[in-house]
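Chemist: Quick one: the structure is below, questions incoming.
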Amino acid sequence: FYLTPPQVNSILKANEYSFKVPEFDGKNVSSVLGFDSNQLPANAPIEDRRSAATCLQTRGMLLGVFDGHAGCACAQAVSERLFYYIAVSLLPHETLLEIENAVESGRALLPILQWHKHPNDYFSKEASKLYFNSLRTYWQELIDLNSGETTDVREALINAFKRLDNDISLEAQVGDPNSFLNYLVLRVAFSGATACVAHVDGVDLHIANTGDSRAMLGVQEEDGSWSAVNLSYDHNAQNEREVERVKMEHPKSEEKSLVKQDRLLGLLMPFRAFGDVKFKWSIELQKRVIESGPDQLNDNEYTKFIPPNYHTPPYLTAEPEVIHHKLRPQDKFLVLATDGLWETMHRQDVARIVGEYLTGVHHQQPIAVGGYKVTLGQMHGLLTERRARISSVFEDQNAATHLIRHAVGNNEFGTVDHERLSKMLSLPEELARMYRDDITIIVVQFNSHVIGAYQNEE
Amino acid sequence: AAGMFLRLLSDIQWRAAHLKWRRMTSSQRSTSTAAEPHPVSLPAQAQVVICGGGIMGTSVAYHLSKMGWKDIVLLEQGRLAAGTTRFCAGIVSTARPVSIELKMAHYSNKLYQQLEQETGVQTGYMKTGSISLAQTQDRLISLKRIASSLNVMGIPCEIISPKKVVQLHPLINIHDLVGAMYVPEDALVSSANVSLALATAASRNGVQIHERTSVSHVTVQKGRVTGVETDRGRIQCEYFVNCAGQWAYELGHSGEEPVHIPLHACEHFYLLTHPLKEPLSSSLPTVVDPDGRIYIRNWQGGILSGGFEKNPKPLFTEGRNQLEIQNLQEDWDHFGPLLSALLRRMPGLEALQILQLVNCPESFTPDMRCIMGESPTARGYFVLAGMNSAGISYGGGAGKYLAEWMVNGYPSENVWPLDLKRFGTLQSSRTFLRHRVMEVMPLMCDLKVPRWDFQTGRQLRTSPLYDRLDAQGARWMEKHGFERVKYFVPPGKDLLDLDHSKTFYKPDWFDIVGSEVKCCKEAVCVIDMSSFTKFEISSTGDQALESLQYLFSNDLDVPVGHVVHTGMLNEKGGYENDCSIARLSKRSFFMISPTDQQVHCWAWLKKRLPDDSNLVMEDVTWKYTALNLIGPRAVDVLSELSYAPMTAEHFPSLFCKEMSVGYANGIRVMSITHTGEPGFVLYIPIEYALHVYNEVMNMGQKYGIRNAGYYALRSLRIEKFFAFWGQDLDAFTTPMECGREFQVKLEKGMQFLGQEALLEQKQNGVYKRFTMFILEDHDTDLDLWPWWGEPIFRNGRYVGKTTSSAYSYTLERHVCLGFVHHFDEKTGEELVVTTDFINQGEYEIDIAGQRFQAKAKLYPFSSLFTQRRRKDEVELSGYQRE
């Protein structure tokens, strides 16, 4: 069984999405040129999610990848809701008032986010009312709290993450009279999701990360080579500080049982996550909710199973670590990706492949003979070489797709091996998860000219 | 910097010539100094204003002034010869597949040759000859076909072996060649200088030339040109000539009443090199390698090489300022495949240094033929543009024909294939043009086989039955934007794909069409003929009859319900149109013409019908779906569907009656089939089309009815010796020359257009005669098929060309139709062609250089008509009795 190159391409490109920030008057005033994103499932259905949106009431753009576990419900909910929580956290008091008044009097709402979605990225219609009410409660509290201070992005991100996780937990405890919704909120709360979110506003780049997805900055050195700068820390057993943090939060007696086989309580890979109430609620609460919950929940062995050595919950938090980075002209792109990518590729390779891909686009610039002495033979050689390069790079019109092609198809020499690619992509559903994880990638391209101009202003 | 260098270089050359011209004009009119931008003010009026100072505009000015018209103003928005003409590669090549284009190129070549002597302006004319290479046998066949036509025109031309190619051009790599065509008299010129020479001669003859003057629009009143508005004021004029090249479309659309000139520009690239170490001789022949899509000529010791790539880049779709032509970018990646082809053809050039890649936009038309003639809507508005990158080859001849057209009212050759009126508004969509020219430009180099169809810009006009027919296996061709069925591929069968079906031999649809023809002969077939042009002409009194009696050659004063075949002739008795006219009532007529007559016939009649509000002409083409029921059983199908007797006593041939078919009433039924076979055409108001079609097919089942297409129709009409307008008949053919005297009312003492010319021919005889040829020693399976344009030889001497051909499934032979002339053996003068002359010759038809014996006939095989029909009727009645 063998997939032809076009078949491989159609699999790889099925979920690709590109967004270009529109230009005004021929000049792009945003520090973001645009982004490419893509997903390749290994689970069926895929448990990764992605989101991208432009903030309409404040400046800036939000991008995020979400890696679900124990189902996709939590990742789906976070991908729909988190950006609203962030946007609301960033809104000034007056705008919040305006929005609240509009809702109160039934007027049309100011749009808060402009989403940039692939047709396959969906929002659950059934839960929208419920989600909206929770969000409204949040902004009403923000209005009441009115600190009068201008909003700090770091704080806004942290508040939004924590608040959403709190709402997920509350909604599951309260339940919903509608049985479908009731089951949904429980599934959201009992599954989990990591989140890695970027907020770009001018030269200010904030990364808020919860879990083991990763943000990486692609930097072009003066000699033209590419290097990678991490803008997030993985929250897992490989991160000593994270292991320390967890140990600090629990009594000494649990030290041995906290992290086993590189997993939290011997079960969970990420050390921070949304949902996963099994690691957050008390045993009593879990039992109560499950017993009063629908039969489907009761029948599920996983939800009923209480983690071993479960003494002092919560063991898990959704609070993100936020890193702020001032963008420089040499910062060419940002890669946000779930661990499916980082398991297979070193960040240095990621930086190089994306960097060469993006500059390959610029190599498209026309050749001009000008005053140089060029012979027909030399020109012919040059053109042939360009064609060969273009045909390999430009099989992909999307940097994320290009990266996935390498992640899945790279051989030991670091080049894409079609046979390998074909084998990996034709694995049956049951086997796919053994060889690879879901991969979700967003590649954000920066506008060095705009960033340079910002720098000069400062 | 190299670019600058070239530009400077050509500017210097140009200025030198330009100054000469300027000095000359200023001495003549002693008004100008070269420094002032606009030394001479525009005249307030002129007889002719020509817009465009490229090769076309200057050629028209040159020829008009030669023919005695003096009051001419030529306006150029930039400088003379600054547009496409300036960048043109300067190759004058007569190797053209279309006969009229070949004639234009031949004339251009002769004109340019003596132009330097006539004007004193250096034109750079150099007779180098040209070699067209064939990498495949099919290509060689197409070259042989062209060689045949060149030879009978008296243009030297030879099919040569690859070895001979090397002798003519030592740089050529011949290992992949199967042969070539050598045309020793083809030439090179500096196209800008040819243009300047023509301008110089024209201005000597009194033509005023104004540079840096743009025409903003042309004013038209009551359907006549009245003047032009320029950025320097208005000029009143009677005639306007749009020679604006790639801007012709926009200029045509700038006025209140748009003149549709369907052309679209594409980028065109060619390469210039430094001289070779041992500079190439300026007399080295030009090389055309169509399979490699390139041409190569010598240029200042180096080469100039360009081509027609598979993926052209159309530009200026939105319309642009002409200045942008200067700033077009070189695109090496785009040129890459052509460079590969060049180095493959001449590997020795690897070390040759590049000077520049020139980007020179060319304008292309929807059918690869240029556009000339008068606007159908604005009298006095003439057009000459859309040269499909052969402007310099056509320039001289095209300018001559257009000048003749303006001065005499008609050109000296049949230019219908180039006539602006072959297009309508429907070809003027920018999207259509953009898509179509992307197909046309690569076609410049593609193999031109019989019966190819354009693939782009399709499904524009369709019959309401389109989907039904398509679902039944219809294969389509397009005429004037209308989809027409070629044939129906039976279920379970499949034909070759497009590329593989290209052939000069027996095509893959041979048996399919054969069975459709058989069904037409023995049972009944339905052909959707909705594309035909349909006009209704009616009046309150006798105006319609009176006007039509003058404009048409056959007697139309027939009883109501009769159908008349008649020509619409010009003053010389030539066919402007060939149509069928039904008299619907005393005062109204229904006229059926060929599909591509929609614009031409309308304009012709509009121009000549009296301006009388009581006389109304309406184009009802779109209102009716036409179903042609061909075959002996058609009568049965129709009588069952209408409960009306349809036999010859009740419904004689050439009869027209409105009747019901199925539930649908008011169907116009005519007993003609355009094939000579028995049957009827049903003109059905379009909303009834599906119903009537379904009824006919259901009822027809028991009579063996099936769908058929135009290929079957074509075979039927050609074996019956039926001439078709546009194929066999044109404005230079009279009824007397094609045995149709019986369709002319010469004896009735009525005045009609063309009468005098016909009377003279009746008295003195004709100089050509439409003849039918049956190929004798031709093997349908193994020999090349005739197409049209094949030379006819009588007793070994050239006497004319074929105009159409088809395989006759009844005769099991190929039939060619064509015209026989009688050229005096010594002087070449044309003599009268008599019946004896035709009958007493031994004939041969030349197909790509191979001659086949043919039997000439002046009348169709009578056995194909009456006997068979009578036999069928007998059989039919026997069947009914049972």
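Here, A, B, ... name the chains of the structure tokens in the order displayed, residue numbers run from 1 inside each chain, and ligands are numbered from 1 in the same displayed order.
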Find the residues around Leu285 in chain A up to 12 Å (only C-alpha atoms counted), leave out those fewer than 3 positions away in its own chain, and share them as a list of chain:residue names.
Modeler: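 Counting only C-alpha atoms, the residues come to A:Ser169, A:Leu170, A:Ala172, A:Gln173, A:Val174, A:Val277, A:Lys278, A:Phe279, A:Lys280, A:Trp281, A:Ser282, A:Arg288, A:Val289, A:Ile290, A:Glu291, A:Ser292, A:Gly293, A:Lys304, A:Ile306, A:Pro313, A:Pro314.
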Chemist: Counting only C-alpha atoms, which residues of chain A sit at most 6 Å from some atom of chain B, and what is each one's closest atom pair with its distance in Å to one decimal, listed by chain and rising residue number, as a Markdown table?
Modeler:
```
| residue | atom | partner | partner_atom | distance |
| --- | --- | --- | --- | --- |
| A:Gly370 | CA | B:Ala1 | CA | 5.3 |
| A:Gly371 | CA | B:Ala1 | CA | 4.9 |
| A:Val374 | CA | B:Gln353 | CA | 5.5 |
| A:Thr375 | CA | B:Gln353 | CA | 4.0 |
| A:Leu376 | CA | B:Glu350 | CA | 5.1 |
| A:Gly377 | CA | B:Glu350 | CA | 4.2 |
```
Chemist: Keeping only C-alpha atoms, write the selected residues to a file as a PDB file, in the first residue's frame.
Modeler:
```pdb
ATOM      1  CA  GLY A 370      21.578  44.110 -15.146  1.00  0.00           C
ATOM      2  CA  GLY A 371      25.107  44.923 -16.153  1.00  0.00           C
ATOM      3  CA  VAL A 374      26.091  36.234 -17.790  1.00  0.00           C
ATOM      4  CA  THR A 375      26.199  33.589 -20.483  1.00  0.00           C
ATOM      5  CA  LEU A 376      23.203  31.657 -21.725  1.00  0.00           C
ATOM      6  CA  GLY A 377      24.635  28.486 -20.200  1.00  0.00           C
TER       7      GLY A 377
END
```
Chemist: Between CA of Leu40 in chain A and CA of Val65 in chain A, what is the distance, to one decimal in Å?
Modeler: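 One can read the CA of Leu40 in chain A to CA of Val65 in chain A distance as 13.0 Å.
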Chemist: If you count only C-alpha atoms, which residues fall within 9 Å of Trp622 in chain B, apart from same-chain ones fewer than 6 positions away, as a PyMOL selection string?
Modeler: chain B and resi 463+530-531+533-534+686
Chemist: Just list the residues in range 187-390 of chain A DSSP gives strand (DSSP E or B) on the backbone, as a VMD selection string.
Modeler: chain A and resid 192 to 201 204 to 210 214 to 220 226 to 230 259 to 260 263 to 264 268 272 274 to 275 317 321 to 326 331 to 337 375
Chemist: Could you write those residues out with N, CA and C atoms, as a short mmCIF file (atom, residue, chain, number, x, y, z; two decimals), in the first residue's frame?
Modeler:
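File part34.cif, as written:
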```cif
data_model
loop_
_atom_site.label_atom_id
_atom_site.label_comp_id
_atom_site.auth_asym_id
_atom_site.auth_seq_id
_atom_site.Cartn_x
_atom_site.Cartn_y
_atom_site.Cartn_z
N GLY A 192 -8.96 17.09 29.84
CA GLY A 192 -8.00 18.16 30.12
C GLY A 192 -7.41 18.74 28.85
N ALA A 193 -6.76 19.90 29.02
CA ALA A 193 -6.13 20.52 27.85
C ALA A 193 -5.01 21.44 28.29
N THR A 194 -3.91 21.42 27.54
CA THR A 194 -2.86 22.40 27.76
C THR A 194 -3.13 23.56 26.82
N ALA A 195 -2.50 24.69 27.10
CA ALA A 195 -2.71 25.84 26.23
C ALA A 195 -1.42 26.62 26.12
N CYS A 196 -1.11 27.02 24.88
CA CYS A 196 0.03 27.89 24.67
C CYS A 196 -0.46 29.03 23.78
N VAL A 197 -0.50 30.21 24.38
CA VAL A 197 -1.16 31.34 23.71
C VAL A 197 -0.19 32.49 23.55
N ALA A 198 -0.22 33.09 22.35
CA ALA A 198 0.61 34.27 22.11
C ALA A 198 -0.30 35.48 21.94
N HIS A 199 0.12 36.59 22.53
CA HIS A 199 -0.56 37.86 22.31
C HIS A 199 0.48 38.81 21.72
N VAL A 200 0.23 39.28 20.48
CA VAL A 200 1.18 40.18 19.82
C VAL A 200 0.53 41.53 19.65
N ASP A 201 1.21 42.55 20.18
CA ASP A 201 0.71 43.91 20.00
C ASP A 201 1.92 44.78 19.76
N ASP A 204 5.40 44.13 21.42
CA ASP A 204 5.21 43.38 22.66
C ASP A 204 4.61 42.02 22.37
N LEU A 205 5.41 41.02 22.65
CA LEU A 205 4.94 39.65 22.46
C LEU A 205 4.86 38.99 23.83
N HIS A 206 3.66 38.53 24.20
CA HIS A 206 3.48 37.79 25.44
C HIS A 206 3.12 36.36 25.11
N ILE A 207 3.78 35.44 25.78
CA ILE A 207 3.40 34.04 25.64
C ILE A 207 2.90 33.57 26.99
N ALA A 208 1.67 33.05 26.99
CA ALA A 208 1.15 32.45 28.22
C ALA A 208 1.04 30.97 27.98
N ASN A 209 1.72 30.20 28.84
CA ASN A 209 1.75 28.76 28.59
C ASN A 209 1.33 27.98 29.81
N THR A 210 0.48 27.00 29.54
CA THR A 210 0.06 26.05 30.56
C THR A 210 0.22 24.68 29.96
N ARG A 214 4.55 24.36 23.14
CA ARG A 214 5.74 25.20 23.21
C ARG A 214 5.67 26.35 22.22
N ALA A 215 6.24 27.50 22.66
CA ALA A 215 6.38 28.64 21.75
C ALA A 215 7.85 28.86 21.50
N MET A 216 8.20 29.07 20.25
CA MET A 216 9.61 29.22 19.89
C MET A 216 9.76 30.35 18.88
N LEU A 217 10.74 31.19 19.14
CA LEU A 217 10.98 32.33 18.26
C LEU A 217 12.07 31.97 17.27
N GLY A 218 11.85 32.26 15.97
CA GLY A 218 12.87 32.04 14.96
C GLY A 218 13.66 33.31 14.74
N VAL A 219 14.96 33.26 14.99
CA VAL A 219 15.79 34.47 14.91
C VAL A 219 16.83 34.28 13.79
N GLN A 220 16.93 35.29 12.96
CA GLN A 220 17.93 35.21 11.91
C GLN A 220 19.18 35.96 12.37
N TRP A 226 20.01 30.49 11.18
CA TRP A 226 18.79 30.54 12.00
C TRP A 226 19.04 29.96 13.37
N SER A 227 18.48 30.63 14.40
CA SER A 227 18.55 30.04 15.72
C SER A 227 17.19 30.13 16.37
N ALA A 228 17.00 29.29 17.40
CA ALA A 228 15.70 29.19 18.06
C ALA A 228 15.79 29.75 19.47
N VAL A 229 14.82 30.54 19.86
CA VAL A 229 14.74 31.04 21.23
C VAL A 229 13.43 30.54 21.82
N ASN A 230 13.54 29.81 22.95
CA ASN A 230 12.32 29.34 23.61
C ASN A 230 11.59 30.49 24.29
N VAL A 259 5.42 12.57 41.75
CA VAL A 259 5.87 12.37 40.37
C VAL A 259 6.39 10.95 40.23
N LYS A 260 5.69 10.18 39.41
CA LYS A 260 6.13 8.80 39.18
C LYS A 260 6.16 8.54 37.69
N ARG A 263 5.36 11.24 35.46
CA ARG A 263 3.99 11.74 35.35
C ARG A 263 3.50 12.21 36.71
N LEU A 264 2.59 13.16 36.68
CA LEU A 264 1.99 13.67 37.90
C LEU A 264 1.12 12.57 38.49
N LEU A 268 -0.39 11.76 34.84
CA LEU A 268 -0.58 12.86 33.90
C LEU A 268 0.77 13.42 33.45
N ARG A 272 0.61 21.19 34.29
CA ARG A 272 -0.43 22.19 34.41
C ARG A 272 -1.42 21.92 33.28
N PHE A 274 -5.84 22.79 31.88
CA PHE A 274 -7.25 23.13 32.09
C PHE A 274 -8.01 21.84 32.36
N GLY A 275 -9.17 21.99 33.01
CA GLY A 275 -10.03 20.83 33.23
C GLY A 275 -9.39 19.87 34.21
N THR A 317 -2.96 22.90 38.23
CA THR A 317 -3.45 24.27 38.07
C THR A 317 -3.46 24.65 36.59
N GLU A 321 2.40 30.33 32.83
CA GLU A 321 3.63 31.06 33.01
C GLU A 321 3.66 32.04 31.84
N VAL A 322 3.89 33.32 32.13
CA VAL A 322 3.86 34.31 31.05
C VAL A 322 5.26 34.83 30.82
N ILE A 323 5.67 34.85 29.55
CA ILE A 323 6.97 35.41 29.18
C ILE A 323 6.73 36.58 28.25
N HIS A 324 7.37 37.69 28.57
CA HIS A 324 7.24 38.87 27.72
C HIS A 324 8.52 39.03 26.91
N HIS A 325 8.35 39.30 25.61
CA HIS A 325 9.52 39.49 24.76
C HIS A 325 9.30 40.72 23.89
N LYS A 326 10.31 41.62 23.85
CA LYS A 326 10.22 42.77 22.95
C LYS A 326 10.76 42.33 21.59
N ASP A 331 13.91 39.05 14.76
CA ASP A 331 12.92 38.03 15.13
C ASP A 331 11.95 37.88 13.97
N LYS A 332 12.10 36.81 13.21
CA LYS A 332 11.34 36.71 11.95
C LYS A 332 10.02 35.97 12.08
N PHE A 333 9.98 35.01 12.99
CA PHE A 333 8.73 34.24 13.10
C PHE A 333 8.62 33.58 14.45
N LEU A 334 7.39 33.19 14.76
CA LEU A 334 7.08 32.51 16.01
C LEU A 334 6.40 31.19 15.66
N VAL A 335 6.86 30.13 16.31
CA VAL A 335 6.18 28.84 16.10
C VAL A 335 5.49 28.44 17.39
N LEU A 336 4.19 28.23 17.32
CA LEU A 336 3.45 27.66 18.44
C LEU A 336 3.08 26.24 18.01
N ALA A 337 3.43 25.26 18.85
CA ALA A 337 3.09 23.90 18.42
C ALA A 337 2.86 23.01 19.62
N THR A 375 26.37 34.30 -19.21
CA THR A 375 26.20 33.59 -20.48
C THR A 375 24.88 32.83 -20.46
#
```
Chemist: From the options B:Asp730, B:Asp499, B:Asp779, B:Glu719, which residue's atoms come nearest to Tyr859 in chain B, counting only C-alpha atoms?
Modeler: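 For Tyr859 in chain B, the nearest of the given residues is B:Glu719.
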Chemist: CA of Asp467 in chain B and CA of Gln701 in chain B are how many Å apart?
Modeler: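 Calculated distance between CA of Asp467 in chain B and CA of Gln701 in chain B is 20.2 Å.
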Chemist: Need to verify the contact set: range 803-813 of chain B, 7 Å, only C-alpha atoms, exclusion of same-chain residues closer than 2 positions in sequence. Can you return it as a list in words?
Modeler: Gly514, Ser715, Ile718, Glu719, Gln727, Asp728, Ile774, Leu775, Pro786, Trp787, Trp788, Gly789, Lys801, Val815, Cys816, Leu817 and Gly818 of chain B
Chemist: Can I get the selection written as a PDB file, in the first residue's frame, with C-alpha atoms?
Modeler:
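The result, written out as part10.pdb:
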```pdb
ATOM      1  CA  GLY B 514     -20.758   6.787 -39.901  1.00  0.00           C
ATOM      2  CA  SER B 715     -20.744  14.646 -44.494  1.00  0.00           C
ATOM      3  CA  ILE B 718     -20.824  17.728 -48.893  1.00  0.00           C
ATOM      4  CA  GLU B 719     -21.651  14.446 -50.628  1.00  0.00           C
ATOM      5  CA  GLN B 727     -16.695  27.629 -46.001  1.00  0.00           C
ATOM      6  CA  ASP B 728     -17.270  27.478 -49.743  1.00  0.00           C
ATOM      7  CA  ILE B 774     -14.300  12.390 -55.642  1.00  0.00           C
ATOM      8  CA  LEU B 775     -10.900  11.094 -54.565  1.00  0.00           C
ATOM      9  CA  PRO B 786      -8.055  16.214 -47.031  1.00  0.00           C
ATOM     10  CA  TRP B 787      -9.227  19.175 -44.962  1.00  0.00           C
ATOM     11  CA  TRP B 788      -9.623  22.376 -46.945  1.00  0.00           C
ATOM     12  CA  GLY B 789      -7.211  24.646 -48.757  1.00  0.00           C
ATOM     13  CA  LYS B 801      -8.033  25.176 -54.023  1.00  0.00           C
ATOM     14  CA  VAL B 815     -15.409  14.222 -51.438  1.00  0.00           C
ATOM     15  CA  CYS B 816     -13.716  17.608 -51.798  1.00  0.00           C
ATOM     16  CA  LEU B 817     -15.454  20.769 -52.891  1.00  0.00           C
ATOM     17  CA  GLY B 818     -13.481  23.580 -54.435  1.00  0.00           C
TER      18      GLY B 818
END
```
Chemist: Write out as a PyMOL selection string which residues come within 10 Å of Leu421 in chain A when counting only C-alpha atoms, dropping same-chain ones fewer than 2 positions away.
Modeler: chain A and resi 2-3+5+8+405-411+416-419+423-426
Chemist: Would you list the contacts of Met346 in chain B as an mmCIF file with C-alpha atoms, in the first residue's frame, taking every protein, DNA or RNA residue within 10 Å and counting only C-alpha atoms, but skipping same-chain residues closer than 4 positions in sequence?
Modeler:
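Written output follows (selection17.cif):
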```cif
data_model
loop_
_atom_site.group_PDB
_atom_site.id
_atom_site.type_symbol
_atom_site.label_atom_id
_atom_site.label_comp_id
_atom_site.auth_asym_id
_atom_site.auth_seq_id
_atom_site.Cartn_x
_atom_site.Cartn_y
_atom_site.Cartn_z
ATOM 1 C CA PRO B 170 25.667 25.464 -38.937
ATOM 2 C CA LEU B 171 24.621 26.108 -35.312
ATOM 3 C CA ILE B 172 21.517 23.934 -35.430
ATOM 4 C CA ASN B 173 21.496 20.626 -33.607
ATOM 5 C CA ILE B 174 19.586 18.272 -35.918
ATOM 6 C CA ILE B 296 15.829 32.416 -33.462
ATOM 7 C CA SER B 340 16.210 25.328 -22.512
ATOM 8 C CA ALA B 341 14.675 24.865 -25.945
ATOM 9 C CA LEU B 342 17.115 27.375 -27.410
ATOM 10 C CA GLU B 350 26.150 28.163 -24.065
#
```
Chemist: Near Leu143 in chain B, within 8 Å and counting only C-alpha atoms, which residues show up once chain neighbours fewer than 4 positions away are dropped, as a PDB file with N, CA and C atoms, in the first residue's frame?
Modeler:
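Contents of the output file result.pdb:
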```pdb
ATOM      1  N   SER B 132      11.761  26.336 -40.954  1.00  0.00           N
ATOM      2  CA  SER B 132      10.855  25.846 -39.905  1.00  0.00           C
ATOM      3  C   SER B 132      11.173  24.381 -39.663  1.00  0.00           C
ATOM      4  N   ALA B 134      10.889  20.533 -37.983  1.00  0.00           N
ATOM      5  CA  ALA B 134       9.899  19.551 -37.528  1.00  0.00           C
ATOM      6  C   ALA B 134      10.593  18.506 -36.675  1.00  0.00           C
ATOM      7  N   ARG B 139       4.324  17.226 -37.351  1.00  0.00           N
ATOM      8  CA  ARG B 139       4.755  18.589 -37.615  1.00  0.00           C
ATOM      9  C   ARG B 139       5.194  18.716 -39.070  1.00  0.00           C
ATOM     10  N   ALA B 147       3.767  24.294 -47.289  1.00  0.00           N
ATOM     11  CA  ALA B 147       4.636  24.346 -48.468  1.00  0.00           C
ATOM     12  C   ALA B 147       3.811  24.222 -49.742  1.00  0.00           C
ATOM     13  N   ILE B 159      10.744  21.496 -48.869  1.00  0.00           N
ATOM     14  CA  ILE B 159      10.863  20.621 -47.699  1.00  0.00           C
ATOM     15  C   ILE B 159      12.263  20.016 -47.773  1.00  0.00           C
ATOM     16  N   ALA B 180      12.423  19.679 -42.360  1.00  0.00           N
ATOM     17  CA  ALA B 180      12.237  21.105 -42.175  1.00  0.00           C
ATOM     18  C   ALA B 180      11.675  21.705 -43.448  1.00  0.00           C
ATOM     19  N   MET B 181      11.196  22.946 -43.322  1.00  0.00           N
ATOM     20  CA  MET B 181      10.719  23.671 -44.487  1.00  0.00           C
ATOM     21  C   MET B 181      11.589  24.911 -44.643  1.00  0.00           C
ATOM     22  N   ALA B 848      -0.781  17.753 -48.504  1.00  0.00           N
ATOM     23  CA  ALA B 848       0.559  17.808 -47.899  1.00  0.00           C
ATOM     24  C   ALA B 848       1.615  17.270 -48.847  1.00  0.00           C
TER      25      ALA B 848
END
```
Chemist: So the first atom is CA of Ile527 in chain B and the second is CA of Pro860 in chain B; what is the distance between them in Å, to one decimal place?
Modeler: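 A separation of 23.4 Å between them.
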Chemist: Which residue is closest to Asn166 in chain A? Choose from A:Ser10, A:Gln455, A:Ser134, A:Ser128 and count only C-alpha atoms.
Modeler: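 Answer, going by the shortest atom-to-atom distance: A:Ser134.
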Chemist: Given the choices B:Gly631, B:Gly399, B:Pro450, B:Gly492, which gets closest to Ser59 in chain B if the distance is worked out from only C-alpha atoms?
Modeler: B:Gly399
Chemist: May I ask which of the residues A:Gln445, A:Thr151, A:Asn15, A:Asn101 is the closest one to Gly355 in chain A, counting only C-alpha atoms?
Modeler: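 For Gly355 in chain A, the nearest of the given residues is A:Gln445.
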Chemist: Assign secondary structure with DSSP using the backbone only, and return the residues of range 224-315 of chain A in alpha helix (DSSP H) as a compact mmCIF listing (two decimals) with C-alpha atoms, in the first residue's frame.
Modeler:
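That gives us states-v2.txt:
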```
# COMPACT_ATOMS: atom_id res chain seq x y z
CA GLU A 240 13.06 20.69 37.38
CA ARG A 241 11.57 23.99 38.49
CA GLU A 242 8.14 22.63 37.78
CA VAL A 243 8.80 19.45 39.74
CA GLU A 244 10.03 21.64 42.58
CA ARG A 245 6.89 23.78 42.42
CA VAL A 246 4.62 20.78 42.68
CA LYS A 247 6.60 19.37 45.56
CA MET A 248 6.47 22.73 47.35
CA GLU A 255 7.09 13.76 47.78
CA LYS A 256 7.66 10.23 46.47
CA SER A 257 4.18 9.69 45.07
CA LEU A 258 3.79 13.11 43.45
CA ILE A 283 -12.60 12.98 46.42
CA GLU A 284 -15.99 13.75 47.95
CA LEU A 285 -16.80 16.33 45.33
CA GLN A 286 -15.77 14.00 42.53
CA LYS A 287 -17.91 11.18 43.90
CA ARG A 288 -20.90 13.42 44.40
CA VAL A 289 -20.77 14.87 40.93
CA ILE A 290 -20.27 11.51 39.27
CA GLU A 291 -23.10 9.87 41.19
CA SER A 292 -25.56 12.62 40.40
CA ASP A 295 -25.26 7.29 33.34
CA GLN A 296 -22.68 7.69 30.62
CA LEU A 297 -20.39 9.32 33.16
CA ASN A 298 -21.02 6.56 35.68
CA ASP A 299 -20.21 3.92 33.15
CA GLU A 301 -14.13 3.71 34.25
CA TYR A 302 -11.65 6.49 33.73
CA THR A 303 -13.77 9.21 35.34
CA LYS A 304 -14.72 7.01 38.26
```
